[in-house]
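Shown here: work17.cif, mmCIF, C-alpha atoms and all ligand atoms.
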data_my_file
#
loop_
_atom_site.group_PDB
_atom_site.id
_atom_site.type_symbol
_atom_site.label_atom_id
_atom_site.label_comp_id
_atom_site.auth_asym_id
_atom_site.auth_seq_id
_atom_site.Cartn_x
_atom_site.Cartn_y
_atom_site.Cartn_z
ATOM 1 C CA MET A 11 44.959 -15.888 -15.462
ATOM 2 C CA SER A 12 47.589 -13.487 -14.041
ATOM 3 C CA ASP A 13 47.255 -12.335 -10.418
ATOM 4 C CA ALA A 14 48.532 -8.731 -10.148
ATOM 5 C CA ARG A 15 50.408 -8.255 -6.841
ATOM 6 C CA ASN A 16 51.577 -5.055 -5.174
ATOM 7 C CA ASP A 17 55.102 -4.494 -3.779
ATOM 8 C CA ARG A 18 54.097 -6.205 -0.527
ATOM 9 C CA GLY A 19 53.114 -9.281 -2.461
ATOM 10 C CA GLN A 20 49.374 -8.701 -1.945
ATOM 11 C CA GLY A 21 46.793 -9.436 -4.631
ATOM 12 C CA ALA A 22 43.433 -7.606 -4.894
ATOM 13 C CA GLY A 23 41.742 -10.418 -3.017
ATOM 14 C CA ASP A 24 44.187 -10.200 -0.098
ATOM 15 C CA ARG A 25 43.734 -6.468 0.566
ATOM 16 C CA GLU A 26 42.487 -5.764 4.046
ATOM 17 C CA GLU A 27 39.805 -3.160 4.596
ATOM 18 C CA ARG A 28 41.258 -0.067 6.240
ATOM 19 C CA MET A 29 39.256 1.123 9.215
ATOM 20 C CA LEU A 30 39.095 4.844 10.030
ATOM 21 C CA THR A 31 38.344 6.467 13.363
ATOM 22 C CA VAL A 32 35.566 9.047 13.352
ATOM 23 C CA THR A 33 33.528 10.763 16.048
ATOM 24 C CA ILE A 34 29.770 10.797 15.681
ATOM 25 C CA ASP A 35 27.786 12.953 18.100
ATOM 26 C CA GLY A 36 30.653 12.806 20.585
ATOM 27 C CA ARG A 37 31.158 9.031 20.375
ATOM 28 C CA ALA A 38 34.240 7.459 18.782
ATOM 29 C CA ALA A 39 33.403 4.928 16.064
ATOM 30 C CA LYS A 40 35.231 2.850 13.471
ATOM 31 C CA ALA A 41 34.211 3.123 9.833
ATOM 32 C CA ARG A 42 35.357 1.302 6.737
ATOM 33 C CA GLU A 43 37.416 3.464 4.365
ATOM 34 C CA GLY A 44 35.175 4.341 1.429
ATOM 35 C CA ALA A 45 31.997 4.194 3.522
ATOM 36 C CA TYR A 46 29.696 7.186 3.540
ATOM 37 C CA VAL A 47 28.924 9.105 6.726
ATOM 38 C CA LEU A 48 25.314 7.861 6.721
ATOM 39 C CA GLU A 49 26.438 4.224 6.706
ATOM 40 C CA ALA A 50 29.023 4.895 9.447
ATOM 41 C CA ALA A 51 26.440 6.660 11.611
ATOM 42 C CA ARG A 52 23.891 3.869 11.229
ATOM 43 C CA ALA A 53 26.530 1.255 12.042
ATOM 44 C CA ALA A 54 27.266 3.237 15.206
ATOM 45 C CA GLY A 55 23.575 3.236 16.127
ATOM 46 C CA VAL A 56 22.950 6.895 15.228
ATOM 47 C CA GLU A 57 19.827 7.421 13.149
ATOM 48 C CA ILE A 58 19.756 10.052 10.382
ATOM 49 C CA PRO A 59 16.473 10.595 8.510
ATOM 50 C CA THR A 60 16.519 9.852 4.775
ATOM 51 C CA LEU A 61 14.002 9.809 1.957
ATOM 52 C CA CYS A 62 15.943 9.015 -1.194
ATOM 53 C CA HIS A 63 18.437 6.512 0.180
ATOM 54 C CA HIS A 64 18.339 2.742 -0.422
ATOM 55 C CA GLU A 65 21.152 0.275 0.350
ATOM 56 C CA ALA A 66 20.711 -1.453 -3.018
ATOM 57 C CA LEU A 67 21.250 1.748 -5.011
ATOM 58 C CA GLU A 68 24.000 4.292 -5.493
ATOM 59 C CA PRO A 69 23.529 7.414 -3.344
ATOM 60 C CA TYR A 70 21.498 10.067 -5.122
ATOM 61 C CA GLY A 71 21.593 13.116 -2.849
ATOM 62 C CA GLY A 72 18.132 14.258 -3.911
ATOM 63 C CA CYS A 73 16.107 14.805 -0.753
ATOM 64 C CA ARG A 74 18.712 16.697 1.358
ATOM 65 C CA LEU A 75 17.120 15.344 4.535
ATOM 66 C CA CYS A 76 20.254 13.497 5.614
ATOM 67 C CA VAL A 77 22.343 16.656 6.114
ATOM 68 C CA VAL A 78 24.920 16.662 8.922
ATOM 69 C CA ASP A 79 27.683 19.005 10.052
ATOM 70 C CA VAL A 80 31.259 17.780 9.709
ATOM 71 C CA THR A 81 34.503 19.191 11.061
ATOM 72 C CA LYS A 82 38.003 18.110 12.073
ATOM 73 C CA ALA A 83 40.184 19.022 15.048
ATOM 74 C CA GLU A 84 42.602 20.825 12.723
ATOM 75 C CA TRP A 85 39.913 22.918 10.994
ATOM 76 C CA GLY A 86 40.057 25.538 13.771
ATOM 77 C CA GLY A 87 36.358 25.383 14.659
ATOM 78 C CA TRP A 88 35.168 25.654 11.023
ATOM 79 C CA CYS A 89 32.542 23.151 9.994
ATOM 80 C CA LYS A 90 30.557 22.469 6.849
ATOM 81 C CA MET A 91 27.186 20.988 6.163
ATOM 82 C CA VAL A 92 27.197 17.930 3.910
ATOM 83 C CA ILE A 93 24.828 15.300 2.560
ATOM 84 C CA SER A 94 25.678 12.285 4.734
ATOM 85 C CA CYS A 95 24.583 9.698 2.155
ATOM 86 C CA GLN A 96 27.192 11.007 -0.293
ATOM 87 C CA TYR A 97 30.037 12.208 1.928
ATOM 88 C CA PRO A 98 32.817 9.644 2.465
ATOM 89 C CA VAL A 99 34.301 9.237 5.934
ATOM 90 C CA GLU A 100 37.819 10.540 6.568
ATOM 91 C CA GLU A 101 40.268 9.777 9.338
ATOM 92 C CA GLY A 102 39.494 12.012 12.332
ATOM 93 C CA LEU A 103 36.202 13.304 10.933
ATOM 94 C CA ILE A 104 33.856 14.726 13.561
ATOM 95 C CA VAL A 105 30.182 14.400 12.635
ATOM 96 C CA LEU A 106 27.292 16.259 14.247
ATOM 97 C CA THR A 107 23.952 14.796 13.241
ATOM 98 C CA ASP A 108 21.788 16.887 15.548
ATOM 99 C CA SER A 109 23.201 20.432 15.699
ATOM 100 C CA GLU A 110 20.762 23.356 15.715
ATOM 101 C CA ARG A 111 21.555 24.292 12.115
ATOM 102 C CA VAL A 112 21.193 20.668 10.966
ATOM 103 C CA ARG A 113 17.777 20.493 12.616
ATOM 104 C CA GLU A 114 16.790 23.840 11.071
ATOM 105 C CA THR A 115 17.896 22.732 7.591
ATOM 106 C CA ARG A 116 15.877 19.525 7.891
ATOM 107 C CA ARG A 117 12.875 21.599 8.978
ATOM 108 C CA VAL A 118 13.170 23.760 5.831
ATOM 109 C CA VAL A 119 13.443 20.637 3.637
ATOM 110 C CA LEU A 120 10.366 19.107 5.258
ATOM 111 C CA ASP A 121 8.423 22.368 5.202
ATOM 112 C CA LEU A 122 8.942 22.581 1.426
ATOM 113 C CA LEU A 123 8.126 18.926 0.946
ATOM 114 C CA LEU A 124 4.957 19.307 2.973
ATOM 115 C CA ALA A 125 3.923 22.126 0.619
ATOM 116 C CA ARG A 126 4.324 19.732 -2.327
ATOM 117 C CA CYS A 127 2.805 16.697 -0.600
ATOM 118 C CA PRO A 128 0.475 18.061 2.128
ATOM 119 C CA GLU A 129 -1.585 14.848 2.342
ATOM 120 C CA THR A 130 1.188 12.265 2.292
ATOM 121 C CA PRO A 131 1.345 10.371 5.629
ATOM 122 C CA LEU A 132 5.124 9.745 5.442
ATOM 123 C CA VAL A 133 5.833 13.452 4.894
ATOM 124 C CA GLN A 134 3.316 14.491 7.558
ATOM 125 C CA ARG A 135 4.935 12.140 10.083
ATOM 126 C CA LEU A 136 8.495 13.302 9.388
ATOM 127 C CA ALA A 137 7.404 16.948 9.458
ATOM 128 C CA ARG A 138 5.622 16.415 12.787
ATOM 129 C CA GLU A 139 8.732 14.720 14.207
ATOM 130 C CA HIS A 140 10.614 17.901 13.308
ATOM 131 C CA GLY A 141 8.021 20.173 14.894
ATOM 132 C CA ILE A 142 6.070 21.117 11.752
ATOM 133 C CA GLU A 143 2.305 20.642 11.811
ATOM 134 C CA ARG A 144 1.490 22.730 8.736
ATOM 135 C CA THR A 145 3.625 24.040 5.877
ATOM 136 C CA SER A 146 4.575 27.707 6.018
ATOM 137 C CA TYR A 147 4.558 27.812 2.207
ATOM 138 C CA VAL A 148 1.552 27.796 -0.101
ATOM 139 C CA ALA A 149 0.373 24.181 -0.195
ATOM 140 C CA ASN A 150 0.156 22.493 -3.568
ATOM 141 C CA GLY A 151 -3.376 22.891 -4.953
ATOM 142 C CA GLU A 152 -3.036 19.513 -6.637
ATOM 143 C CA PRO A 153 -1.524 17.380 -3.859
ATOM 144 C CA THR A 154 0.617 14.448 -4.913
ATOM 145 C CA ASP A 155 2.154 11.585 -2.972
ATOM 146 C CA CYS A 156 5.276 11.603 -5.140
ATOM 147 C CA ILE A 157 8.153 13.043 -3.122
ATOM 148 C CA LEU A 158 10.515 12.893 -6.138
ATOM 149 C CA CYS A 159 12.964 10.611 -4.355
ATOM 150 C CA ALA A 160 13.709 8.884 -7.706
ATOM 151 C CA LEU A 161 13.944 5.480 -6.040
ATOM 152 C CA CYS A 162 11.564 4.109 -8.684
ATOM 153 C CA THR A 163 13.507 5.398 -11.690
ATOM 154 C CA ARG A 164 16.835 4.350 -10.189
ATOM 155 C CA ILE A 165 15.705 0.781 -9.410
ATOM 156 C CA CYS A 166 14.298 0.573 -12.936
ATOM 157 C CA ASP A 167 17.681 1.684 -14.351
ATOM 158 C CA HIS A 168 19.450 -0.698 -11.966
ATOM 159 C CA ILE A 169 17.674 -3.741 -13.345
ATOM 160 C CA GLY A 170 18.480 -2.587 -16.870
ATOM 161 C CA VAL A 171 15.017 -1.499 -18.006
ATOM 162 C CA SER A 172 14.811 2.336 -17.692
ATOM 163 C CA ALA A 173 11.115 2.421 -18.541
ATOM 164 C CA ILE A 174 10.299 5.525 -16.473
ATOM 165 C CA ALA A 175 11.999 8.855 -15.766
ATOM 166 C CA THR A 176 11.493 12.132 -13.917
ATOM 167 C CA VAL A 177 10.059 14.634 -16.373
ATOM 168 C CA ASP A 178 8.991 18.303 -16.459
ATOM 169 C CA ARG A 179 10.207 21.064 -14.161
ATOM 170 C CA GLY A 180 9.265 22.973 -11.025
ATOM 171 C CA ILE A 181 5.994 22.118 -9.336
ATOM 172 C CA GLY A 182 4.965 19.958 -12.320
ATOM 173 C CA ARG A 183 7.993 17.669 -11.964
ATOM 174 C CA GLN A 184 6.849 14.061 -11.902
ATOM 175 C CA VAL A 185 7.742 10.450 -12.623
ATOM 176 C CA ALA A 186 6.300 9.165 -15.882
ATOM 177 C CA PRO A 187 6.911 6.904 -18.862
ATOM 178 C CA PRO A 188 8.071 8.537 -22.103
ATOM 179 C CA TYR A 189 5.350 10.790 -23.623
ATOM 180 C CA HIS A 190 3.049 9.611 -20.782
ATOM 181 C CA GLU A 191 2.294 6.539 -22.901
ATOM 182 C CA PRO A 192 2.445 2.892 -21.720
ATOM 183 C CA PRO A 193 6.230 2.365 -21.612
ATOM 184 C CA PRO A 194 7.419 -0.027 -24.327
ATOM 185 C CA ASP A 195 10.383 -1.213 -22.201
ATOM 186 C CA CYS A 196 8.450 -1.905 -18.977
ATOM 187 C CA ILE A 197 8.447 -5.583 -17.970
ATOM 188 C CA GLY A 198 5.828 -5.304 -15.212
ATOM 189 C CA CYS A 199 8.198 -6.421 -12.442
ATOM 190 C CA LEU A 200 6.722 -4.002 -9.847
ATOM 191 C CA ALA A 201 10.185 -3.016 -8.583
ATOM 192 C CA CYS A 202 9.207 0.665 -8.877
ATOM 193 C CA ALA A 203 5.955 0.211 -6.959
ATOM 194 C CA GLU A 204 7.559 -1.909 -4.253
ATOM 195 C CA ILE A 205 10.423 0.501 -3.584
ATOM 196 C CA CYS A 206 8.199 3.618 -3.593
ATOM 197 C CA PRO A 207 8.105 4.859 0.024
ATOM 198 C CA THR A 208 4.699 6.526 -0.363
ATOM 199 C CA SER A 209 2.837 3.845 -2.370
ATOM 200 C CA PHE A 210 2.277 6.421 -5.097
ATOM 201 C CA ILE A 211 2.710 3.956 -7.947
ATOM 202 C CA GLN A 212 -0.513 2.067 -8.512
ATOM 203 C CA TYR A 213 -0.941 -1.300 -10.190
ATOM 204 C CA GLN A 214 -3.449 -4.140 -10.455
ATOM 205 C CA THR A 215 -2.405 -7.743 -10.428
ATOM 206 C CA SER A 216 -4.367 -10.990 -10.704
ATOM 207 C CA ASP A 217 -3.801 -14.630 -11.627
ATOM 208 C CA ARG A 218 -4.122 -13.769 -15.288
ATOM 209 C CA SER A 219 -2.635 -10.333 -15.798
ATOM 210 C CA ARG A 220 -0.899 -7.356 -14.239
ATOM 211 C CA THR A 221 -1.338 -3.706 -15.192
ATOM 212 C CA ILE A 222 1.084 -0.923 -14.348
ATOM 213 C CA TRP A 223 1.862 2.394 -16.087
ATOM 214 C CA GLY A 224 -1.101 1.732 -18.403
ATOM 215 C CA LYS A 225 0.445 -1.463 -19.766
ATOM 216 C CA THR A 226 -0.998 -4.937 -19.225
ATOM 217 C CA PHE A 227 1.166 -8.054 -18.903
ATOM 218 C CA GLU A 228 0.487 -11.754 -19.190
ATOM 219 C CA MET A 229 1.405 -13.702 -16.026
ATOM 220 C CA LEU A 230 3.486 -16.855 -15.870
ATOM 221 C CA ARG A 231 2.087 -19.552 -13.587
ATOM 222 C CA CYS A 232 4.225 -21.806 -11.438
ATOM 223 C CA SER A 233 4.222 -25.270 -13.010
ATOM 224 C CA SER A 234 4.136 -26.803 -9.527
ATOM 225 C CA CYS A 235 1.584 -24.809 -7.472
ATOM 226 C CA GLY A 236 -0.163 -22.929 -10.283
ATOM 227 C CA ARG A 237 0.316 -19.512 -8.669
ATOM 228 C CA ALA A 238 0.941 -16.557 -10.998
ATOM 229 C CA HIS A 239 4.347 -15.390 -9.820
ATOM 230 C CA ILE A 240 6.051 -13.330 -12.514
ATOM 231 C CA THR A 241 5.167 -11.690 -15.807
ATOM 232 C CA VAL A 242 6.168 -13.382 -19.047
ATOM 233 C CA ALA A 243 8.067 -10.201 -20.008
ATOM 234 C CA GLU A 244 9.969 -10.224 -16.707
ATOM 235 C CA ALA A 245 11.047 -13.848 -17.166
ATOM 236 C CA GLY A 246 12.192 -13.033 -20.713
ATOM 237 C CA HIS A 247 14.164 -9.984 -19.531
ATOM 238 C CA PHE A 248 16.002 -11.760 -16.721
ATOM 239 C CA ALA A 249 16.620 -14.878 -18.804
ATOM 240 C CA GLY A 250 18.145 -12.762 -21.590
ATOM 241 C CA ARG A 251 20.150 -10.527 -19.287
ATOM 242 C CA GLY A 252 21.462 -13.018 -16.768
ATOM 243 C CA GLY A 253 21.845 -15.964 -19.136
ATOM 244 C CA VAL A 254 19.474 -17.907 -16.858
ATOM 245 C CA PRO A 255 17.512 -20.552 -18.809
ATOM 246 C CA LYS A 256 13.831 -19.641 -19.201
ATOM 247 C CA SER A 257 12.925 -22.948 -17.543
ATOM 248 C CA TYR A 258 14.281 -21.472 -14.275
ATOM 249 C CA PHE A 259 11.189 -19.268 -14.092
ATOM 250 C CA GLU A 260 8.740 -22.133 -14.588
ATOM 251 C CA THR A 261 8.490 -22.670 -10.821
ATOM 252 C CA CYS A 262 8.014 -19.978 -8.191
ATOM 253 C CA ASP A 263 10.544 -19.278 -5.402
ATOM 254 C CA VAL A 264 8.395 -20.991 -2.759
ATOM 255 C CA CYS A 265 8.197 -24.223 -4.775
ATOM 256 C CA LYS A 266 11.926 -24.037 -5.575
ATOM 257 C CA ARG A 267 12.666 -23.893 -1.833
ATOM 258 C CA LYS A 268 10.293 -26.800 -1.149
ATOM 259 C CA GLN A 269 11.917 -28.871 -3.910
ATOM 260 C CA MET A 270 15.367 -28.121 -2.518
ATOM 261 C CA SER A 271 14.415 -29.151 1.027
ATOM 262 C CA ALA A 272 12.894 -32.364 -0.323
ATOM 263 C CA THR A 273 16.145 -33.105 -2.202
ATOM 264 C CA PHE A 274 18.229 -32.468 0.937
ATOM 265 C CA ALA A 275 15.924 -34.697 3.000
ATOM 266 C CA GLN A 276 16.337 -37.519 0.429
ATOM 267 C CA LEU A 277 20.127 -37.099 0.431
ATOM 268 C CA ALA A 278 20.255 -37.119 4.243
ATOM 269 C CA ALA A 279 18.106 -40.280 4.357
ATOM 270 C CA ALA A 280 20.391 -42.026 1.842
ATOM 271 C CA MET A 281 23.574 -41.243 3.799
ATOM 272 C CA PRO A 282 25.006 -44.146 5.826
ATOM 273 C CA VAL A 283 24.809 -43.590 9.573
ATOM 274 C CA THR A 284 28.304 -43.517 11.101
ATOM 275 C CA PRO A 285 28.318 -45.000 14.610
ATOM 276 C CA VAL A 286 29.668 -42.624 17.272
ATOM 277 C CA VAL A 287 32.708 -44.134 18.943
ATOM 278 C CA GLY A 288 32.751 -43.334 22.653
HETATM 279 S S1 LIG B 1 6.890 7.574 -7.515
HETATM 280 FE FE1 LIG B 1 7.498 6.918 -5.445
HETATM 281 S S2 LIG B 1 9.586 6.107 -5.687
HETATM 282 FE FE2 LIG B 1 9.128 7.310 -7.541
HETATM 283 S S3 LIG B 1 9.949 9.353 -7.126
HETATM 284 FE FE3 LIG B 1 7.776 9.388 -6.528
HETATM 285 S S4 LIG B 1 7.789 8.848 -4.326
HETATM 286 FE FE4 LIG B 1 9.812 8.286 -5.129
HETATM 287 S S1 LIG B 2 19.094 10.451 1.808
HETATM 288 FE FE1 LIG B 2 20.797 11.739 1.456
HETATM 289 S S2 LIG B 2 20.029 13.245 0.137
HETATM 290 FE FE2 LIG B 2 18.327 11.885 0.395
#

Please rewrite the model in this file as structure tokens.
Amino acid sequence: MSDARNDRGQGAGDREERMLTVTIDGRAAKAREGAYVLEAARAAGVEIPTLCHHEALEPYGGCRLCVVDVTKAEWGGWCKMVISCQYPVEEGLIVLTDSERVRETRRVVLDLLLARCPETPLVQRLAREHGIERTSYVANGEPTDCILCALCTRICDHIGVSAIATVDRGIGRQVAPPYHEPPPDCIGCLACAEICPTSFIQYQTSDRSRTIWGKTFEMLRCSSCGRAHITVAEAGHFAGRGGVPKSYFETCDVCKRKQMSATFAQLAAAMPVTPVVG
């Protein structure tokens, strides 16, 4: 296989990460070129509130809670408000995560969200932390715990299933399977329910079956401990997609770890002991 090299004789694997200097809330920090402001701020120990961000997923920019002000010395005092989860760092960037207008913008975002989700503990807590006890808008007459962060639909796309989507518009916007029917593509993996920050997505699971989005799945039991650990559909999906043999899913992760430690212990016991020469 050919190894493409640049004019300094470097291949892709040799390239060093370029570090940029930024200032976050008055403190100088280093950030990897290509990193987003949110990541740089968190690495520097500065917390920015988020609702739709997850390290495992591409930034989405849906909730607008992570807004910050950015400027540069050469911008002559001009600054702009950006979404920190989607704005890449630049050399010399000055970031303000707690300016008055940033705080005010976050308050508006949370005020609106509280109108949609007046009974959701996560929203209530964030609103309270930003000085809002009650929404100044008309509260939703049919409260929902779905904050429309789209984490569930994005994780579902990420694992290659895409069984659910955000549908409808305005106040009726919601996450649902196609035609509100049990989704034919769903594999019952629970990724959507586990990533949901408000526990909005409900499911039932037992040793025999699991039900989510109105669809019921047969469970696969671990051949070693007997625990139901994955749905049959999930094993089939990941075996087909990753080329992993189906037999891989016959034992659960806990038993796999136990088996591996037992193998290592046997190997260690079989190794000849080398005397230490003083
Ligand atoms: S169901 Fe949960 S994860 Fe999905 S959009 Fe609503 S709050 Fe976000
Ligand atoms: S976390 Fe950046 S827009 Fe939601």

Selection near Leu161 (chain A), 9 Å with all atoms listed in the file, sequence-local residues under 4 positions removed, as a ChimeraX atom specification: /A:62-64,67,70,165-166,202,205-207

Expected answer as JSON, numbers by chain: residues within 12 Å of ligand LIG 2 (chain B), all atoms listed in the file: {"A": [46, 47, 48, 49, 57, 58, 59, 60, 61, 62, 63, 64, 65, 67, 68, 69, 70, 71, 72, 73, 74, 75, 76, 77, 78, 92, 93, 94, 95, 96, 97, 116, 119, 120, 157, 158, 159, 160, 161]}

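CA of Val177 (chain A) to CA of Ser209 (chain A) spans 19.1 Å [interatomic distance, one decimal].
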
Polymer residues at most 9 Å from Cys156 (chain A), only C-alpha atoms, same-chain spacing of 4 or more positions, as a PyMOL selection string: chain A and resi 126-127+130+184-185+206-211

Please put the answer as AutoDock Vina command-line options: centre and edge lengths, in Å with one decimal, of a box along x, y and z that encloses all listed atoms of region 269-276 of chain A plus 5 Å on each side.
--center_x 15.1 --center_y -32.8 --center_z -0.5 --size_x 16.3 --size_y 19.4 --size_z 16.9

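In this structure, CA of Lys225 (chain A) sits 26.3 Å away from CA of Ala66 (chain A).
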
Distance query Arg28 (chain A) at most 10 Å, all atoms listed in the file, self and fewer than 5 positions along chain excluded, as an MDAnalysis selection string: chainID A and resid 40:44

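With all atoms listed in the file as the atoms that count, the residue of A:Gly36, A:Ala125, A:Ala149, A:Ala83 with the shortest distance to Asp108 (chain A) is A:Gly36.
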
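Restricting the calculation to only C-alpha atoms and all ligand atoms, the smallest distance between ligand LIG 1 (chain B) and any of A:Tyr189, A:Phe259, A:Trp88, A:Trp223 is found for A:Trp223.
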
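Among the candidates A:Thr241, A:Ser146, A:Thr107, A:Thr115, the residue lying nearest to Pro128 (chain A) is A:Ser146 (atoms considered: all atoms listed in the file).
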
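Here CA of His239 (chain A) is placed at a distance of 22.0 Å from CA of Ser172 (chain A).
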
The PyMOL selection byres (((chain A and resi 193) around 8) and not hetatm) resolved against shown file, as an MDAnalysis selection string: chainID A and resid 173:174 187:188 190:192 194:196 223 225

Residue with smallest distance to ligand LIG 1 (chain B) - pool A:Ala38, A:Ala45, A:Ala53, A:Cys162, counting all atoms listed in the file: A:Cys162

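Between Val99 (chain A) and the candidates A:Val133, A:Ala50, A:Ile142, A:Leu122, the tightest atom-to-atom separation, counting all atoms listed in the file, involves A:Ala50.
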
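Considering all atoms listed in the file, the residue among A:Thr176, A:Ser234, A:Thr221, A:Thr33 positioned nearest to ligand LIG 1 (chain B) is A:Thr176.
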